[in-house]
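A.B. asks: Okay, so here is coords.csv, and as you'll see once you scroll down, it has CSV, C-alpha atoms.
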```
chain,number,residue,atom,x,y,z
N,272,MET,CA,97.7,160.0,220.3
N,273,ARG,CA,94.4,161.9,220.2
N,274,ARG,CA,91.8,161.5,217.5
N,275,VAL,CA,91.1,164.7,215.4
N,276,ALA,CA,87.6,165.8,214.3
N,277,ILE,CA,86.6,168.5,211.8
N,278,THR,CA,83.8,170.4,213.4
N,279,GLY,CA,83.5,173.5,211.2
N,280,ALA,CA,84.1,174.5,207.6
N,281,GLY,CA,84.1,177.8,205.7
N,282,THR,CA,84.9,179.0,202.2
N,283,ILE,CA,84.8,181.7,199.6
N,284,ASN,CA,85.7,180.8,196.0
N,285,ALA,CA,84.5,181.2,192.4
N,286,LEU,CA,81.8,178.7,193.0
N,287,GLY,CA,80.2,180.3,196.0
N,288,HIS,CA,80.6,182.5,199.1
N,289,ASP,CA,80.0,179.7,201.5
N,290,VAL,CA,80.1,175.9,201.9
N,291,PRO,CA,76.5,175.0,200.9
N,292,THR,CA,76.8,176.9,197.7
N,293,THR,CA,80.1,175.4,196.9
N,294,LEU,CA,78.9,171.9,197.5
N,295,ALA,CA,75.9,172.5,195.3
N,296,ALA,CA,78.2,173.5,192.5
N,297,PHE,CA,80.3,170.4,193.0
N,298,ARG,CA,77.1,168.3,192.7
N,299,GLU,CA,76.0,170.1,189.6
N,300,GLY,CA,79.4,170.1,188.0
N,301,ARG,CA,79.3,173.9,187.6
N,302,CYS,CA,82.3,175.8,186.2
N,303,GLY,CA,83.4,179.0,187.9
N,304,ILE,CA,86.0,179.8,185.3
N,305,GLY,CA,85.3,182.9,183.1
N,306,PRO,CA,86.8,186.1,181.7
N,307,LEU,CA,89.1,187.9,184.1
N,308,GLU,CA,88.1,191.3,185.2
N,309,PHE,CA,90.8,193.6,186.5
N,310,ARG,CA,93.0,196.5,185.4
N,311,ASP,CA,95.2,195.9,182.3
N,312,VAL,CA,93.8,192.4,181.6
N,313,ASP,CA,93.9,193.2,177.9
N,314,ARG,CA,97.7,193.2,178.2
N,315,LEU,CA,97.7,189.5,179.2
N,316,SER,CA,97.8,186.5,176.9
N,317,ILE,CA,95.9,184.5,179.6
N,318,GLN,CA,92.5,186.2,180.1
N,319,ILE,CA,90.5,183.5,181.9
N,320,GLY,CA,90.4,182.5,185.6
N,321,ALA,CA,88.1,181.5,188.4
N,322,GLN,CA,87.5,184.9,190.1
N,323,VAL,CA,85.2,185.4,193.1
N,324,HIS,CA,82.1,187.3,191.8
N,325,PRO,CA,80.5,189.4,193.0
N,326,TRP,CA,83.2,190.8,195.2
N,327,ARG,CA,83.0,194.1,197.1
N,328,ALA,CA,85.3,194.3,200.2
N,329,GLU,CA,83.0,197.1,201.4
N,330,ASP,CA,80.2,194.6,202.0
N,331,TYR,CA,82.3,192.8,204.6
N,332,PHE,CA,84.9,195.2,206.0
N,333,ASN,CA,85.1,198.8,207.1
N,334,ARG,CA,87.5,201.4,205.5
N,335,GLN,CA,90.2,200.9,208.2
N,336,GLN,CA,90.1,197.1,207.8
N,337,ILE,CA,90.4,197.3,204.1
N,338,LEU,CA,93.5,199.5,204.5
N,339,LEU,CA,95.0,196.7,206.6
N,340,TYR,CA,93.7,193.5,204.9
N,341,ASP,CA,94.9,192.3,201.5
N,342,LYS,CA,92.4,190.4,199.5
N,343,PHE,CA,93.9,187.0,200.6
N,344,THR,CA,93.4,188.1,204.3
N,345,GLN,CA,89.9,189.2,203.6
N,346,PHE,CA,89.1,185.8,202.1
N,347,ALA,CA,90.7,183.9,205.0
N,348,LEU,CA,88.7,185.9,207.6
N,349,LEU,CA,85.4,185.3,205.9
N,350,ALA,CA,86.0,181.6,205.7
N,351,ALA,CA,87.2,181.4,209.3
N,352,LYS,CA,84.1,183.2,210.6
N,353,GLN,CA,81.9,180.6,208.8
N,354,ALA,CA,83.9,177.7,210.2
N,355,VAL,CA,83.9,179.0,213.8
N,356,ALA,CA,80.2,179.7,213.6
N,357,GLN,CA,79.5,176.2,212.4
N,358,SER,CA,81.7,174.7,215.1
N,359,GLY,CA,79.8,176.5,217.9
N,360,LEU,CA,83.1,177.1,219.8
N,361,ASP,CA,83.8,180.1,222.0
N,362,PHE,CA,87.5,180.9,222.4
N,363,GLN,CA,87.2,183.1,225.4
N,364,GLY,CA,89.0,181.9,228.5
N,365,ALA,CA,91.1,178.8,228.7
N,366,LEU,CA,90.2,177.4,225.3
N,367,GLY,CA,91.7,180.4,223.5
N,368,LEU,CA,95.0,179.7,225.3
N,369,ARG,CA,95.0,176.1,223.9
N,370,SER,CA,93.9,177.0,220.4
N,371,GLY,CA,95.8,178.3,217.4
N,372,VAL,CA,95.8,178.8,213.6
N,373,VAL,CA,98.0,177.6,210.8
N,374,LEU,CA,97.2,178.7,207.2
N,375,GLY,CA,98.7,178.2,203.8
N,376,THR,CA,99.4,180.7,201.1
N,377,ALA,CA,101.9,180.9,198.2
N,378,GLY,CA,101.5,184.6,197.1
N,379,GLY,CA,100.4,186.2,200.4
N,380,GLY,CA,99.5,189.9,199.7
N,381,LEU,CA,100.2,189.8,196.0
N,382,ASN,CA,97.5,192.3,195.2
N,383,THR,CA,99.2,194.7,197.6
N,384,TRP,CA,102.6,194.2,195.9
N,385,ASP,CA,101.0,194.7,192.5
N,386,GLU,CA,99.2,197.9,193.5
N,387,ASN,CA,102.2,199.5,195.2
N,388,TYR,CA,104.6,198.5,192.4
N,389,ARG,CA,102.3,200.6,190.1
N,390,THR,CA,102.3,203.4,192.6
N,391,VAL,CA,106.1,203.6,192.7
N,392,TYR,CA,107.3,202.5,189.3
N,393,GLU,CA,104.4,203.5,187.0
N,394,GLU,CA,103.0,206.6,188.7
N,395,GLY,CA,106.4,207.7,190.0
N,396,LYS,CA,105.3,208.3,193.6
N,397,ASN,CA,107.9,208.2,196.3
N,398,ARG,CA,105.8,207.1,199.2
N,399,VAL,CA,103.5,204.2,199.9
N,400,HIS,CA,100.9,203.6,202.7
N,401,PRO,CA,102.4,202.8,206.2
N,402,PHE,CA,100.4,199.6,206.3
N,403,VAL,CA,101.9,198.1,203.1
N,404,VAL,CA,104.3,195.7,204.9
N,405,PRO,CA,101.8,194.3,207.4
N,406,LYS,CA,99.2,194.1,204.6
N,407,LEU,CA,101.4,192.1,202.2
N,408,MET,CA,103.3,189.7,204.6
N,409,ASN,CA,102.4,186.1,204.2
N,410,ASN,CA,101.5,185.6,207.8
N,411,ALA,CA,99.0,188.5,207.7
N,412,ALA,CA,95.9,186.2,207.3
N,413,ALA,CA,97.0,183.8,210.1
N,414,SER,CA,97.7,186.8,212.4
N,415,HIS,CA,94.4,188.5,211.8
N,416,VAL,CA,92.5,185.2,212.3
N,417,SER,CA,94.2,184.7,215.6
N,418,MET,CA,93.3,188.3,216.7
N,419,GLU,CA,89.7,187.9,215.5
N,420,PHE,CA,89.0,184.9,217.7
N,421,GLY,CA,91.6,185.3,220.5
N,422,LEU,CA,93.6,182.3,219.5
N,423,ARG,CA,96.7,182.5,221.8
N,424,GLY,CA,98.3,179.1,220.9
N,425,PRO,CA,100.4,178.3,217.8
N,426,ALA,CA,99.9,180.7,215.0
N,427,PHE,CA,101.9,180.7,211.7
N,428,THR,CA,101.8,180.5,207.9
N,429,VAL,CA,103.1,177.7,205.6
N,430,ALA,CA,104.2,178.7,202.1
N,431,THR,CA,104.9,175.6,200.0
N,432,ALA,CA,103.5,176.7,196.7
N,433,CYS,CA,100.5,174.6,195.6
N,434,ALA,CA,100.8,172.3,198.7
N,435,SER,CA,100.6,175.1,201.2
N,436,SER,CA,97.1,174.3,202.4
N,437,ASN,CA,97.7,170.6,202.8
N,438,HIS,CA,100.9,171.2,204.6
N,439,ALA,CA,99.2,173.7,206.9
N,440,MET,CA,96.2,171.3,207.6
N,441,GLY,CA,98.6,168.4,208.1
N,442,LEU,CA,100.6,170.3,210.7
N,443,ALA,CA,97.4,171.4,212.4
N,444,PHE,CA,96.3,167.8,212.5
N,445,GLN,CA,99.6,166.7,214.1
N,446,MET,CA,99.4,169.5,216.7
N,447,VAL,CA,95.9,168.5,217.8
N,448,ARG,CA,96.7,164.8,217.7
N,449,SER,CA,99.8,165.3,219.8
N,450,GLY,CA,98.1,167.4,222.4
N,451,ALA,CA,100.1,170.6,221.5
N,452,ALA,CA,96.7,172.3,220.9
N,453,GLN,CA,93.1,171.4,221.6
N,454,VAL,CA,91.7,173.3,218.6
N,455,MET,CA,93.3,174.6,215.4
N,456,LEU,CA,91.8,176.8,212.7
N,457,THR,CA,93.5,175.7,209.5
N,458,GLY,CA,93.3,175.8,205.7
N,459,GLY,CA,94.6,178.3,203.2
N,460,SER,CA,93.9,181.4,201.2
N,461,GLU,CA,95.1,182.9,197.9
N,462,ALA,CA,94.4,186.0,195.8
N,463,MET,CA,96.8,186.0,192.9
N,464,LEU,CA,94.4,187.1,190.2
N,465,CYS,CA,95.8,190.5,189.4
N,466,PHE,CA,97.9,191.8,186.5
N,467,GLY,CA,101.3,191.0,188.1
N,468,GLY,CA,100.2,187.6,189.4
N,469,VAL,CA,98.9,186.3,186.1
N,470,LYS,CA,101.7,187.9,184.1
N,471,ALA,CA,104.2,186.0,186.2
N,472,TRP,CA,102.4,182.7,185.7
N,473,GLU,CA,102.2,183.3,182.0
N,474,GLY,CA,106.0,183.0,181.9
N,475,LEU,CA,105.8,179.4,183.0
N,476,ARG,CA,103.8,178.4,179.9
N,477,VAL,CA,101.6,176.1,181.9
N,478,MET,CA,98.4,178.0,181.6
N,479,SER,CA,95.4,177.3,179.4
N,480,LYS,CA,93.8,180.0,177.3
N,481,ASP,CA,90.4,178.3,177.1
N,482,ALA,CA,89.6,175.7,179.9
N,483,CYS,CA,90.9,173.4,182.5
N,484,ARG,CA,90.5,169.7,181.4
N,485,PRO,CA,92.2,167.5,184.0
N,486,PHE,CA,93.1,163.9,182.8
N,487,SER,CA,91.6,164.6,179.4
N,488,ALA,CA,94.0,163.7,176.5
N,489,ASN,CA,93.5,167.2,175.0
N,490,ARG,CA,94.3,169.1,178.2
N,491,ASN,CA,96.4,172.1,177.6
N,492,GLY,CA,97.2,173.7,181.0
N,493,MET,CA,95.9,174.9,184.3
N,494,VAL,CA,93.6,177.8,185.1
N,495,GLN,CA,94.1,180.0,188.2
N,496,GLY,CA,91.5,180.6,190.8
N,497,GLU,CA,91.2,182.5,194.0
N,498,GLY,CA,89.6,182.1,197.4
N,499,ALA,CA,90.0,180.4,200.8
N,500,GLY,CA,88.9,177.4,202.8
N,501,VAL,CA,89.2,177.2,206.6
N,502,PHE,CA,88.4,174.4,209.0
N,503,VAL,CA,88.1,173.8,212.7
N,504,PHE,CA,90.3,170.8,213.7
N,505,GLU,CA,89.4,169.7,217.2
N,506,ASP,CA,90.2,167.0,219.7
N,507,PHE,CA,87.7,164.3,218.8
N,508,ASP,CA,86.7,163.3,222.3
N,509,ASN,CA,86.1,166.9,223.3
N,510,ALA,CA,84.0,167.5,220.2
N,511,ARG,CA,81.9,164.4,220.9
N,512,ALA,CA,81.5,165.3,224.6
N,513,ARG,CA,80.1,168.7,223.7
N,514,GLY,CA,77.7,167.3,221.1
N,515,ALA,CA,79.4,168.9,218.1
N,516,ASP,CA,78.4,167.9,214.6
N,517,ILE,CA,81.5,166.1,213.4
N,518,LEU,CA,82.0,166.5,209.7
N,519,ALA,CA,84.8,164.0,209.3
N,520,GLU,CA,87.8,162.6,211.1
N,521,VAL,CA,91.3,163.4,210.1
N,522,VAL,CA,93.3,160.2,210.4
N,523,GLY,CA,96.6,160.5,208.5
N,524,PHE,CA,99.1,162.9,207.0
N,525,ALA,CA,102.4,162.6,205.1
N,526,MET,CA,104.7,164.8,203.2
N,527,SER,CA,107.7,164.1,201.0
N,528,SER,CA,110.2,165.9,198.8
N,529,ASP,CA,111.1,164.8,195.3
N,530,ALA,CA,114.5,166.4,195.6
N,531,GLN,CA,114.7,166.2,191.9
N,532,ASP,CA,113.4,169.2,189.9
N,533,ILE,CA,112.0,172.7,190.7
N,534,VAL,CA,108.9,172.3,188.4
N,535,MET,CA,108.7,168.8,187.0
N,536,PRO,CA,106.9,166.3,189.3
N,537,SER,CA,108.1,162.9,190.3
N,538,ALA,CA,105.8,159.9,190.5
N,539,GLN,CA,108.0,158.3,193.1
N,540,GLY,CA,107.9,161.3,195.4
N,541,ALA,CA,104.1,161.5,195.1
N,542,GLU,CA,103.7,157.8,195.7
N,543,ARG,CA,105.8,157.9,198.9
N,544,ALA,CA,103.6,160.6,200.3
N,545,ILE,CA,100.4,158.7,199.4
N,546,THR,CA,101.7,155.4,200.9
N,547,ALA,CA,102.9,157.2,204.1
N,548,ALA,CA,99.6,158.9,204.6
N,549,LEU,CA,97.8,155.6,204.4
N,550,GLN,CA,100.2,154.1,206.9
N,551,ASP,CA,99.9,157.1,209.2
N,552,GLY,CA,96.1,156.8,209.1
N,553,GLY,CA,96.1,153.0,209.7
N,554,LEU,CA,94.4,152.5,206.4
N,555,ASN,CA,94.8,149.7,203.9
N,556,PRO,CA,94.7,150.7,200.2
N,557,GLU,CA,91.3,149.0,199.8
N,558,ASP,CA,89.8,151.1,202.6
N,559,VAL,CA,90.0,154.2,200.4
N,560,GLY,CA,87.2,154.8,198.0
N,561,TYR,CA,87.9,158.3,196.6
N,562,ILE,CA,90.9,160.6,196.0
N,563,ASN,CA,90.6,164.3,195.4
N,564,ALA,CA,93.5,164.6,193.0
N,565,HIS,CA,95.9,167.5,192.5
N,566,GLY,CA,94.8,167.2,188.9
N,567,THR,CA,96.0,170.6,187.5
N,568,GLY,CA,95.2,169.9,183.8
N,569,THR,CA,98.8,170.1,182.7
N,570,ALA,CA,100.3,167.3,180.7
N,571,ALA,CA,103.1,166.4,183.2
N,572,ASN,CA,101.1,166.6,186.4
N,573,ASP,CA,98.1,164.5,185.5
N,574,LYS,CA,100.0,161.5,184.1
N,575,THR,CA,102.5,161.6,186.9
N,576,GLU,CA,99.8,161.7,189.5
N,577,CYS,CA,97.9,158.8,187.9
N,578,ALA,CA,101.2,156.7,187.8
N,579,ALA,CA,101.7,157.5,191.5
N,580,VAL,CA,98.2,156.4,192.4
N,581,ALA,CA,98.4,153.3,190.3
N,582,HIS,CA,101.7,152.2,191.9
N,583,ALA,CA,100.6,153.1,195.5
N,584,PHE,CA,97.2,151.3,195.3
N,585,GLY,CA,98.1,148.3,193.0
N,586,HIS,CA,95.1,146.3,191.9
N,587,HIS,CA,92.8,148.5,194.0
N,588,ALA,CA,93.6,151.5,191.8
N,589,ASP,CA,91.0,150.2,189.2
N,590,ARG,CA,88.3,150.4,191.9
N,591,LEU,CA,89.2,153.9,193.1
N,592,MET,CA,87.3,157.0,192.1
N,593,ILE,CA,89.7,160.0,191.6
N,594,SER,CA,88.6,163.5,190.5
N,595,SER,CA,89.9,167.0,190.2
N,596,THR,CA,87.7,169.8,191.2
N,597,LYS,CA,90.1,172.4,189.8
N,598,ALA,CA,88.2,172.4,186.5
N,599,MET,CA,85.4,174.1,188.5
N,600,HIS,CA,87.1,176.4,191.0
N,601,GLY,CA,90.4,176.8,189.3
N,602,HIS,CA,93.8,176.2,190.8
N,603,ILE,CA,93.8,178.4,193.9
N,604,ILE,CA,97.5,177.7,194.4
N,605,GLY,CA,98.3,178.0,198.2
N,606,GLY,CA,94.6,177.8,199.0
N,607,THR,CA,93.6,175.0,196.7
N,608,GLY,CA,93.9,172.0,199.0
N,609,ALA,CA,91.6,173.7,201.5
N,610,VAL,CA,88.8,174.2,199.0
N,611,GLU,CA,89.3,170.7,197.7
N,612,LEU,CA,89.0,169.2,201.2
N,613,LEU,CA,85.3,170.2,201.0
N,614,ALA,CA,84.9,167.7,198.2
N,615,CYS,CA,86.4,165.0,200.4
N,616,ILE,CA,84.1,165.9,203.3
N,617,MET,CA,81.1,165.8,200.8
N,618,ALA,CA,82.1,162.3,199.6
N,619,LEU,CA,82.3,161.0,203.2
N,620,ARG,CA,79.3,162.8,204.6
N,621,ASP,CA,76.8,162.9,201.7
N,622,GLY,CA,78.0,160.1,199.5
N,623,VAL,CA,78.5,162.4,196.5
N,624,ILE,CA,81.6,162.3,194.5
N,625,ALA,CA,82.5,165.6,192.8
N,626,PRO,CA,83.2,165.1,189.1
N,627,THR,CA,86.1,166.0,186.8
N,628,ILE,CA,84.3,168.4,184.5
N,629,GLY,CA,85.7,169.4,181.1
N,630,TYR,CA,86.8,165.8,180.4
N,631,GLN,CA,86.6,165.1,176.6
N,632,GLU,CA,89.1,162.4,175.5
N,633,PRO,CA,90.5,159.4,177.3
N,634,ASP,CA,94.2,159.4,177.9
N,635,PRO,CA,95.9,156.0,178.2
N,636,GLU,CA,98.4,157.5,180.6
N,637,CYS,CA,95.5,158.6,182.9
N,638,ALA,CA,93.6,155.3,182.8
N,639,LEU,CA,91.8,155.6,186.1
N,640,ASP,CA,88.1,156.2,187.0
N,641,VAL,CA,88.3,160.0,186.9
N,642,VAL,CA,84.5,160.5,187.5
N,643,PRO,CA,84.1,162.4,184.2
N,644,ASN,CA,81.7,165.3,183.9
N,645,GLU,CA,78.9,164.2,186.3
N,646,ALA,CA,78.8,163.7,190.0
N,647,ARG,CA,78.3,160.2,191.3
N,648,GLN,CA,76.5,158.7,194.3
N,649,ALA,CA,78.7,156.3,196.2
N,650,ARG,CA,79.4,155.4,199.8
N,651,VAL,CA,83.0,155.8,200.8
N,652,ASP,CA,84.5,155.4,204.2
N,653,ALA,CA,88.0,156.8,203.7
N,654,VAL,CA,89.4,159.4,201.3
N,655,LEU,CA,92.7,161.1,200.4
N,656,SER,CA,93.4,164.6,199.3
N,657,ASN,CA,96.6,165.0,197.2
N,658,ALA,CA,98.7,168.2,196.8
N,659,PHE,CA,101.9,168.2,194.8
N,660,ALA,CA,103.7,171.5,194.5
N,661,PHE,CA,106.5,173.1,192.5
N,662,GLY,CA,109.7,172.4,194.2
N,663,GLY,CA,108.8,168.8,194.4
N,664,LEU,CA,106.9,169.2,197.7
N,665,ASN,CA,104.1,166.6,198.3
N,666,ALA,CA,101.4,166.6,201.0
N,667,VAL,CA,98.6,164.0,201.4
N,668,ILE,CA,95.8,164.1,203.9
N,669,ALA,CA,93.6,161.1,204.9
N,670,LEU,CA,90.1,161.5,206.2
N,671,ARG,CA,87.6,158.9,207.4
N,672,ARG,CA,83.8,158.9,207.9
N,673,ALA,CA,83.0,160.2,211.4
```
Please express what this file holds, its structure, as structure tokens.
C.D. replies:
Amino acid sequence: MRRVAITGAGTINALGHDVPTTLAAFREGRCGIGPLEFRDVDRLSIQIGAQVHPWRAEDYFNRQQILLYDKFTQFALLAAKQAVAQSGLDFQGALGLRSGVVLGTAGGGLNTWDENYRTVYEEGKNRVHPFVVPKLMNNAAASHVSMEFGLRGPAFTVATACASSNHAMGLAFQMVRSGAAQVMLTGGSEAMLCFGGVKAWEGLRVMSKDACRPFSANRNGMVQGEGAGVFVFEDFDNARARGADILAEVVGFAMSSDAQDIVMPSAQGAERAITAALQDGGLNPEDVGYINAHGTGTAANDKTECAAVAHAFGHHADRLMISSTKAMHGHIIGGTGAVELLACIMALRDGVIAPTIGYQEPDPECALDVVPNEARQARVDAVLSNAFAFGGLNAVIALRRA
């Protein structure tokens, strides 16, 4: 089995339009959550979110591209361009034939759905633009990324709600490790902050009206975000041979299903995914120094995740650092695991642990070191990134210092 290196990273999210800006925000504990700005926001009971500001599609794409790219595709393309530029790879020739892309998203072209529902139902028009279907389909971002760089290997989209990015990155890791591909662009993208998107989530009654406070006893729900994160996963030996700057090594991945409830999480299902990721990566529990938690800020998720970590790590759980960056960039749903992987790379590469901001009151059911409110300097050699989705779908990735 081949080793897998990460040689490029790109992002756009509420904290920044690139990786350096995002990492600076992690270090500072800066919050990207604020008042939502879009049509009919006054009709919503939830009026906060982590939007990408400033955002003008015209600054990045021409008119024809904007007609074809939903916002989630635009985000994915920008993040992918950053990642490929950092990697230094050129996919012309033989490499393009052995390279691919797998991205995660939950909502796909939700902005396009929202706009065209208005056109048909509210404005009473009987026709929509010919590009509506290719613009809204969930595989649009992956397809456009493959076309942008000439990636002629595996190309597809994973849609597993809030675990979409982790599932996508895990599958990309397995393809490079097995030799099915030499390079994979992978991560996720989401743009659900529109009237219809937020209105749908309001119905679940899991959203906070004021702030995201993961693990804090007074937490009262999640806050949505938007954006993308894309990475270059590459055969480790090839990366080293060409002198690439290796950001981290992907060493393990596991997934599990609770097979229990469509919205309520299971500690046992999460624990099985954590334990299997450690085993897949050849890691002992004491090798792991940091976990980027799913940490949504809901009452059920946070205590369930802490219970899963405590059981999976035993006595070592008291020496682990675990934080949720969602209090800064919001819950990016299908794209969230990709943006959160940046915090894992920062921990390994820079020795900086991103904090859980908004933490106010200890919760005895979340009695772990949640790195409250301020970033921490610490050397860690291995980390996990957790993602636990509606539907009981769990995906955990293990990284090691390169």
A.B. asks: Find the residues of region 464-540 of chain N that sit at most 12 Å from region 616-638 of chain N; for each, write down the nearest two atoms and how far apart they are in Å, to one decimal. Count all atoms listed in the file. Sort by chain, then by number going up, and give it as CSV.
C.D. replies:
```
residue,atom,partner,partner_atom,distance
N:Asp481,CA,N:Gly629,CA,10.8
N:Ala482,CA,N:Gly629,CA,7.5
N:Cys483,CA,N:Gly629,CA,6.7
N:Arg484,CA,N:Gly629,CA,4.8
N:Pro485,CA,N:Tyr630,CA,6.7
N:Phe486,CA,N:Cys637,CA,5.8
N:Ser487,CA,N:Tyr630,CA,5.0
N:Ala488,CA,N:Asp634,CA,4.5
N:Asn489,CA,N:Glu632,CA,6.5
N:Arg490,CA,N:Tyr630,CA,8.5
N:Asn491,CA,N:Gly629,CA,11.6
N:Phe502,CA,N:Ile616,CA,11.1
N:Asp516,CA,N:Arg620,CA,11.3
N:Ile517,CA,N:Arg620,CA,9.7
N:Leu518,CA,N:Ile616,CA,6.8
N:Ala519,CA,N:Ile616,CA,6.3
N:Glu520,CA,N:Ile616,CA,9.2
N:Val521,CA,N:Ile616,CA,10.2
```
A.B. asks: State, in Å with one decimal place, the distance from CA of Ala649 (chain N) to CA of Ala285 (chain N).
C.D. replies: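 Atom-to-atom, CA of Ala649 (chain N) and CA of Ala285 (chain N) are spaced 25.8 Å apart.
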A.B. asks: Which value, in Å to one decimal, gives the distance between CA of Lys352 (chain N) and CA of Val373 (chain N)?
C.D. replies: 15.0 Å
A.B. asks: Of the candidates N:Pro425, N:Gly380, N:Gly279, N:Gly553, which one gets nearest to Gln357 (chain N) if we count only C-alpha atoms?
C.D. replies: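 Looking at the shortest contact to Gln357 (chain N), the residue is N:Gly279.
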A.B. asks: Rounded to one decimal place, report the CA of Gly552 (chain N)-CA of Asn572 (chain N) distance in Å.
C.D. replies: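 Computed distance, CA of Gly552 (chain N) to CA of Asn572 (chain N), equals 25.2 Å.
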A.B. asks: Closest to Asp508 (chain N) among N:Gln453, N:Ser417, N:Gln539, N:Asn410, using only C-alpha atoms?
C.D. replies: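 When distances to Asp508 (chain N) are compared using only C-alpha atoms, the smallest one comes from N:Gln453.
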A.B. asks: Could you list, as a list in words, every residue within 8 Å of region 333-338 of chain N, counting all atoms listed in the file and ignoring same-chain residues fewer than 5 positions away?
C.D. replies: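 Surrounding residues, per the criterion: Ala328, Phe402 and Lys406 of chain N.
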A.B. asks: So which one's closest to Thr344 (chain N), N:Gln322, N:Leu294, N:Ala462, N:Val399? Using all atoms listed in the file, please.
C.D. replies: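 Closest to Thr344 (chain N), using all atoms listed in the file: N:Ala462.
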A.B. asks: Closest to Asn382 (chain N) among N:Val469, N:Ala499, N:Ala443, N:Ala413, using only C-alpha atoms?
C.D. replies: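 Closest residue, counting only C-alpha atoms: N:Val469.
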A.B. asks: I'd like the contact shell of Met418 (chain N) - 12 Å cut-off, all atoms listed in the file, skipping same-chain residues fewer than 5 positions apart - returned as a ChimeraX atom specification.
C.D. replies: /N:348,351,362-363,367,370-372,411-413,423-424,426
A.B. asks: With all atoms listed in the file as the basis for distance, which of N:Asn555, N:Ser537, N:Asn409, N:Ser594 is at the shortest distance from Ala571 (chain N)?
C.D. replies: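 Of all the options, N:Ser537 lies closest to Ala571 (chain N).
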A.B. asks: Val559 (chain N): which residues within 7 Å, counting only C-alpha atoms, same-chain residues fewer than 4 positions away excluded, as a ChimeraX atom specification?
C.D. replies: /N:652-654
A.B. asks: Which of these, N:Met455, N:Ile545, N:Leu670, N:Val416, has the shortest distance to Leu360 (chain N) once you count only C-alpha atoms?
C.D. replies: N:Met455
A.B. asks: Within 12 Å of (96.0, 155.6, 220.4) in the file's own coordinates, which protein, DNA or RNA residues have an atom, counting all atoms listed in the file? List them as a ChimeraX atom specification.
C.D. replies: /N:272-275,448-449,522,551-553
